[in-house]
>>> print(open('work16.csv').read())   # CSV, C-alpha atoms
chain,number,residue,atom,x,y,z
A,142,MET,CA,-11.8,49.5,149.4
A,143,LYS,CA,-15.6,49.8,149.6
A,144,ARG,CA,-15.7,47.1,152.2
A,145,ILE,CA,-13.1,48.8,154.3
A,146,MET,CA,-15.1,52.0,154.2
A,147,LEU,CA,-18.2,50.2,155.3
A,148,ILE,CA,-16.3,48.6,158.3
A,149,ILE,CA,-15.0,52.1,159.3
A,150,ILE,CA,-18.5,53.6,159.1
A,151,PHE,CA,-19.9,50.7,161.2
A,152,LEU,CA,-17.3,51.1,163.9
A,153,ILE,CA,-17.9,54.9,164.1
A,154,THR,CA,-21.6,54.3,164.3
A,155,VAL,CA,-21.2,51.7,167.1
A,156,PHE,CA,-18.8,54.0,169.1
A,157,GLY,CA,-21.4,56.8,168.7
A,158,PHE,CA,-24.1,54.7,170.1
A,159,VAL,CA,-21.9,53.6,173.0
A,160,PHE,CA,-20.8,57.1,173.8
A,161,TYR,CA,-24.2,58.7,173.6
A,162,PHE,CA,-26.1,56.1,175.5
A,163,ALA,CA,-23.4,54.9,178.0
A,164,ILE,CA,-20.5,57.4,178.5
A,165,TYR,CA,-22.2,60.8,177.9
A,166,PRO,CA,-24.9,60.3,180.5
A,167,SER,CA,-22.4,59.5,183.2
A,168,LEU,CA,-20.3,62.6,182.3
A,169,LYS,CA,-23.4,64.7,182.1
A,170,ASN,CA,-24.6,63.6,185.5
A,171,GLU,CA,-21.1,63.8,187.2
A,172,ALA,CA,-21.4,65.5,190.6
A,173,THR,CA,-20.3,69.1,191.0
A,174,ILE,CA,-18.3,70.1,194.0
A,175,ALA,CA,-16.8,73.3,195.3
A,176,VAL,CA,-13.0,73.7,195.8
A,177,PRO,CA,-12.4,74.2,199.5
A,178,ASP,CA,-10.5,77.2,200.8
A,179,ILE,CA,-7.2,75.8,202.0
A,180,THR,CA,-5.1,78.9,201.4
A,181,GLY,CA,-2.8,79.4,204.4
A,182,LYS,CA,-3.2,75.8,205.6
A,183,SER,CA,-0.2,73.5,206.2
A,184,GLU,CA,0.4,70.7,203.7
A,185,GLU,CA,-1.0,68.1,206.2
A,186,GLU,CA,-4.1,70.2,206.8
A,187,ALA,CA,-4.7,70.7,203.1
A,188,LYS,CA,-4.3,67.0,202.3
A,189,GLU,CA,-6.8,66.1,205.0
A,190,ILE,CA,-9.4,68.5,203.7
A,191,LEU,CA,-8.9,67.5,200.1
A,192,ASP,CA,-9.0,63.8,200.8
A,193,GLY,CA,-12.1,64.3,202.9
A,194,SER,CA,-13.8,66.1,200.0
A,195,LYS,CA,-12.6,63.3,197.6
A,196,ILE,CA,-11.0,65.9,195.4
A,197,VAL,CA,-8.3,64.8,192.9
A,198,TYR,CA,-5.3,67.1,193.4
A,199,GLU,CA,-1.7,67.6,192.5
A,200,ILE,CA,0.8,69.4,194.7
A,201,ILE,CA,3.4,71.8,193.3
A,202,TYR,CA,6.1,73.1,195.6
A,203,GLN,CA,7.6,76.6,195.2
A,204,SER,CA,10.2,78.6,197.1
A,205,GLY,CA,8.7,80.7,199.9
A,206,ASP,CA,8.9,81.8,203.5
A,207,ASP,CA,6.8,79.1,205.1
A,208,ASN,CA,5.3,75.6,204.5
A,209,LYS,CA,1.8,76.7,203.7
A,210,VAL,CA,-0.7,76.6,200.8
A,211,VAL,CA,-0.2,79.7,198.6
A,212,LYS,CA,-3.1,79.2,196.2
A,213,THR,CA,-5.2,76.6,194.3
A,214,ILE,CA,-6.2,76.4,190.7
A,215,PRO,CA,-9.1,76.6,190.3
A,216,GLU,CA,-9.5,79.1,193.1
A,217,ALA,CA,-11.3,78.4,196.4
A,218,ASN,CA,-15.1,78.0,196.1
A,219,SER,CA,-14.9,77.4,192.3
A,220,LEU,CA,-17.3,74.6,191.1
A,221,ILE,CA,-15.7,71.6,189.5
A,222,LYS,CA,-16.6,68.1,188.4
A,223,GLU,CA,-15.5,65.3,190.6
A,224,SER,CA,-13.0,64.1,188.1
A,225,GLN,CA,-11.3,67.5,187.6
A,226,LYS,CA,-7.9,67.9,189.1
A,227,VAL,CA,-7.1,70.8,191.5
A,228,ILE,CA,-3.5,72.1,191.5
A,229,VAL,CA,-2.3,73.1,194.9
A,230,TYR,CA,0.7,75.4,195.3
A,231,ILE,CA,2.7,75.1,198.5
A,232,SER,CA,5.5,77.3,199.5
A,233,ILE,CA,8.5,75.7,201.2
A,234,LYS,CA,11.2,77.5,203.1
A,235,GLU,CA,14.6,76.6,201.8
A,236,GLU,CA,17.4,76.0,204.3
A,237,GLU,CA,19.0,79.4,204.9
A,238,ARG,CA,22.7,79.9,204.5
A,239,VAL,CA,24.7,82.4,206.5
A,240,ALA,CA,24.7,85.8,204.8
A,241,ASP,CA,27.9,87.6,203.8
A,242,LEU,CA,28.2,90.4,206.3
A,243,THR,CA,31.4,91.9,205.0
A,244,GLY,CA,30.9,95.6,204.3
A,245,LEU,CA,28.1,96.0,206.8
A,246,SER,CA,28.5,98.5,209.7
A,247,TYR,CA,29.1,97.1,213.1
A,248,SER,CA,25.5,97.8,214.3
A,249,ASP,CA,23.9,96.2,211.2
A,250,ALA,CA,26.1,93.1,211.5
A,251,ILE,CA,25.2,92.7,215.2
A,252,LYS,CA,21.5,92.9,214.5
A,253,ARG,CA,21.9,90.1,212.0
A,254,LEU,CA,24.0,88.0,214.4
A,255,GLU,CA,21.5,88.5,217.3
A,256,LYS,CA,18.8,87.2,215.0
A,257,TYR,CA,21.0,84.1,214.2
A,258,LYS,CA,21.6,83.6,217.9
A,259,GLU,CA,17.9,83.8,218.7
A,260,GLU,CA,16.6,81.6,215.8
A,261,TYR,CA,19.5,79.1,215.4
A,262,GLY,CA,21.4,79.3,218.7
A,263,ILE,CA,24.6,80.6,216.9
A,264,ASN,CA,27.1,82.3,219.2
A,265,TYR,CA,29.3,85.0,217.7
A,266,ASN,CA,32.6,86.7,218.5
A,267,VAL,CA,33.8,90.2,217.5
A,268,ILE,CA,37.4,90.7,216.7
A,269,TYR,CA,38.9,94.2,216.0
A,270,LYS,CA,41.7,94.8,213.6
A,271,GLU,CA,43.6,98.0,213.0
A,272,ILE,CA,44.1,99.1,209.3
A,273,ASP,CA,45.9,102.0,207.9
A,274,SER,CA,43.2,103.1,205.5
A,275,GLY,CA,39.7,102.3,204.5
A,276,ILE,CA,36.3,102.6,206.2
A,277,ASP,CA,36.1,102.5,210.0
A,278,ASN,CA,33.9,100.2,212.0
A,279,ILE,CA,32.7,97.8,209.3
A,280,VAL,CA,33.0,94.0,208.9
A,281,ILE,CA,36.1,93.2,206.9
A,282,PHE,CA,36.1,89.4,207.5
A,283,GLN,CA,33.9,86.6,208.8
A,284,SER,CA,34.8,83.1,209.6
A,285,ASP,CA,32.0,81.4,207.4
A,286,THR,CA,30.2,82.7,204.4
A,287,SER,CA,28.6,79.6,202.9
A,288,SER,CA,27.3,77.1,205.4
A,289,TYR,CA,23.7,76.4,206.3
A,290,LEU,CA,22.7,78.2,209.5
A,291,LYS,CA,21.5,75.0,211.0
A,292,ASP,CA,25.0,73.6,210.8
A,293,ILE,CA,26.8,76.5,212.4
A,294,LYS,CA,27.6,76.7,216.1
A,295,SER,CA,29.6,79.9,216.2
A,296,LEU,CA,30.6,82.8,213.8
A,297,ASP,CA,33.5,85.2,214.1
A,298,ILE,CA,33.5,88.7,212.5
A,299,THR,CA,36.4,91.1,212.2
A,300,ILE,CA,35.7,94.8,212.6
A,301,SER,CA,37.9,97.5,211.1
A,302,GLU,CA,39.6,100.1,213.3
A,303,VAL,CA,41.1,102.6,210.9
A,304,ASN,CA,44.4,103.9,212.2
A,305,ASP,CA,44.4,106.9,209.9
A,306,LYS,CA,45.6,109.7,212.1
A,307,ILE,CA,48.7,110.6,214.0
A,308,TYR,CA,49.6,113.4,216.5
A,309,MET,CA,52.1,115.9,215.2
A,310,PRO,CA,55.3,115.3,217.1
A,311,ASN,CA,57.6,118.1,218.4
A,312,LEU,CA,60.2,118.3,215.8
A,313,VAL,CA,62.0,121.4,217.1
A,314,GLY,CA,65.6,120.5,217.9
A,315,GLN,CA,65.4,117.3,215.8
A,316,ASN,CA,67.3,116.6,212.6
A,317,TYR,CA,65.8,117.6,209.3
A,318,HIS,CA,65.7,114.0,208.2
A,319,THR,CA,63.3,113.1,211.1
A,320,ALA,CA,60.7,115.4,209.4
A,321,VAL,CA,61.4,113.8,206.0
A,322,THR,CA,60.8,110.3,207.4
A,323,LEU,CA,57.6,111.4,209.2
A,324,CYS,CA,56.1,112.8,206.0
A,325,ASN,CA,57.2,109.9,203.8
A,326,ASP,CA,55.8,107.3,206.2
A,327,ASN,CA,52.4,109.0,206.7
A,328,GLY,CA,51.6,110.6,203.3
A,329,LEU,CA,52.2,114.2,204.4
A,330,ASP,CA,53.7,117.1,202.4
A,331,LEU,CA,56.9,118.6,203.7
A,332,GLU,CA,58.0,122.2,203.0
A,333,ALA,CA,61.5,122.9,204.4
A,334,ILE,CA,62.8,126.5,204.6
A,335,PHE,CA,66.5,126.7,205.3
A,336,ILE,CA,67.7,129.8,207.2
A,337,SER,CA,71.0,130.9,208.8
A,338,SER,CA,71.3,130.0,212.4
A,339,ILE,CA,73.8,129.4,215.2
A,340,LEU,CA,72.4,125.9,215.6
A,341,ASN,CA,73.9,122.9,214.1
A,342,LYS,CA,73.3,122.3,210.4
A,343,ASN,CA,69.9,120.6,209.6
A,344,THR,CA,68.5,121.3,213.0
A,345,ILE,CA,64.8,122.1,213.0
A,346,ILE,CA,64.2,125.5,214.5
A,347,TYR,CA,60.4,126.0,214.0
A,348,GLN,CA,57.5,123.9,212.8
A,349,GLU,CA,53.9,124.2,211.7
A,350,PRO,CA,51.5,122.8,212.8
A,351,GLU,CA,52.3,122.8,216.4
A,352,PRO,CA,52.9,119.6,218.4
A,353,ASN,CA,49.9,117.3,219.2
A,354,THR,CA,47.9,118.6,216.3
A,355,ILE,CA,45.8,115.7,214.8
A,356,LEU,CA,47.0,114.8,211.3
A,357,TYR,CA,45.3,112.4,208.9
A,358,LYS,CA,47.5,109.9,207.1
A,359,ASN,CA,47.8,110.1,203.3
A,360,SER,CA,46.1,113.5,203.4
A,361,MET,CA,49.1,115.3,202.0
A,362,THR,CA,48.7,117.9,204.8
A,363,LYS,CA,51.5,120.4,204.5
A,364,ILE,CA,54.2,120.3,207.2
A,365,THR,CA,56.3,123.5,207.3
A,366,ILE,CA,59.7,123.5,209.1
A,367,TYR,CA,62.5,126.0,209.4
A,368,VAL,CA,65.9,124.4,209.3
A,369,ALA,CA,69.4,125.7,210.2
A,370,LYS,CA,71.7,125.7,207.2
>>> encode(input="work16.csv", output="structure tokens")
Amino acid sequence: MKRIMLIIIFLITVFGFVFYFAIYPSLKNEATIAVPDITGKSEEEAKEILDGSKIVYEIIYQSGDDNKVVKTIPEANSLIKESQKVIVYISIKEEERVADLTGLSYSDAIKRLEKYKEEYGINYNVIYKEIDSGIDNIVIFQSDTSSYLKDIKSLDITISEVNDKIYMPNLVGQNYHTAVTLCNDNGLDLEAIFISSILNKNTIIYQEPEPNTILYKNSMTKITIYVAK
């Protein structure tokens, strides 16, 4: 046991002499250099500068808007030893997919499509579709919602045209059931007042509102008619 301890002490002593007289002086005398300012440079430019300065570096990519150096650790102009590694963060723009335009107004959608046309050469086509209810003049459908923009040649969008109004017809002289059908089909409220008349039974004598009045579907606007009984 004593012999083993002596061997260990001897080895530690030898290592101490080697470190102090051989390794430590080289570390102590290692050259100091400044980290160059490469922020905003492209990856190629940054590598050329770092290699020229004989700096050890590692590149880490992160999502961003362009392919440029965002920052370095340590920061630019920091003093480091030759053996110290510099971490270089570079932003890379991910391939952009087409945005989902549904719900956007016509004008906002066109702005986006014009940008796609300018940047990627994507042509677009606008289709209009009548709907009975909802929001007027918005995108209700588009032909592609997932592809990369670089892979798209054209894009179609469908714009809503809400058919939510009708013009009050002239019901005078019509049968009472014509008014019933009109109200049931368009979400209007019918009030029928039956009065004695020389006209045939169920003939409409008078109406409110008057003909050509604009009525909105499903508004439950009251339609009043006087009917012969």
>>> closest_atom_pairs(input="work16.csv", of="segment 235-277 of chain A", to="segment 195-207 of chain A", cutoff="12 Å", atoms="all atoms listed in the file", output="JSON lines")
{"residue": "A:Glu235", "atom": "CA", "partner": "A:Ser204", "partner_atom": "CA", "distance": 6.7}
{"residue": "A:Glu236", "atom": "CA", "partner": "A:Asp206", "partner_atom": "CA", "distance": 10.3}
{"residue": "A:Glu237", "atom": "CA", "partner": "A:Asp206", "partner_atom": "CA", "distance": 10.5}
>>> residues_around(input="work16.csv", residues="segment 214-225 of chain A", least_positions_apart="6", cutoff="7 Å", atoms="all atoms listed in the file", output="PyMOL selection string")
chain A and resi 171-178+196-197
>>> residues_near_point(input="work16.csv", point="(23.2, 83.5, 203.8)", cutoff="8 Å", atoms="only C-alpha atoms", output="JSON, numbers by chain")
{"A": [237, 238, 239, 240, 241, 286, 287, 288, 289, 290]}
>>> closest_residue(input="work16.csv", among="A:Ser248, A:Ser274, A:Ser295, A:Ser301", to="Ser360 of chain A", atoms="only C-alpha atoms")
A:Ser274
>>> closest_residue(input="work16.csv", among="A:Glu189, A:Glu255, A:Glu351, A:Glu260", to="Tyr308 of chain A", atoms="only C-alpha atoms")
A:Glu351
>>> residues_around(input="work16.csv", residues="Ala187 of chain A", least_positions_apart="6", cutoff="10 Å", atoms="all atoms listed in the file", output="ChimeraX atom specification")
/A:177-181,193,209-210,229,231
>>> closest_atom_pairs(input="work16.csv", of="segment 286-316 of chain A", to="segment 321-338 of chain A", cutoff="12 Å", atoms="only C-alpha atoms", output="Markdown table")
| residue | atom | partner | partner_atom | distance |
| --- | --- | --- | --- | --- |
| A:Asn304 | CA | A:Asn327 | CA | 11.0 |
| A:Asp305 | CA | A:Asn327 | CA | 8.9 |
| A:Lys306 | CA | A:Asn327 | CA | 8.7 |
| A:Ile307 | CA | A:Asn327 | CA | 8.3 |
| A:Tyr308 | CA | A:Leu323 | CA | 11.0 |
| A:Met309 | CA | A:Leu323 | CA | 9.3 |
| A:Pro310 | CA | A:Leu323 | CA | 9.1 |
| A:Asn311 | CA | A:Leu323 | CA | 11.4 |
| A:Leu312 | CA | A:Leu323 | CA | 9.9 |
| A:Gln315 | CA | A:Val321 | CA | 11.1 |
| A:Asn316 | CA | A:Val321 | CA | 9.3 |
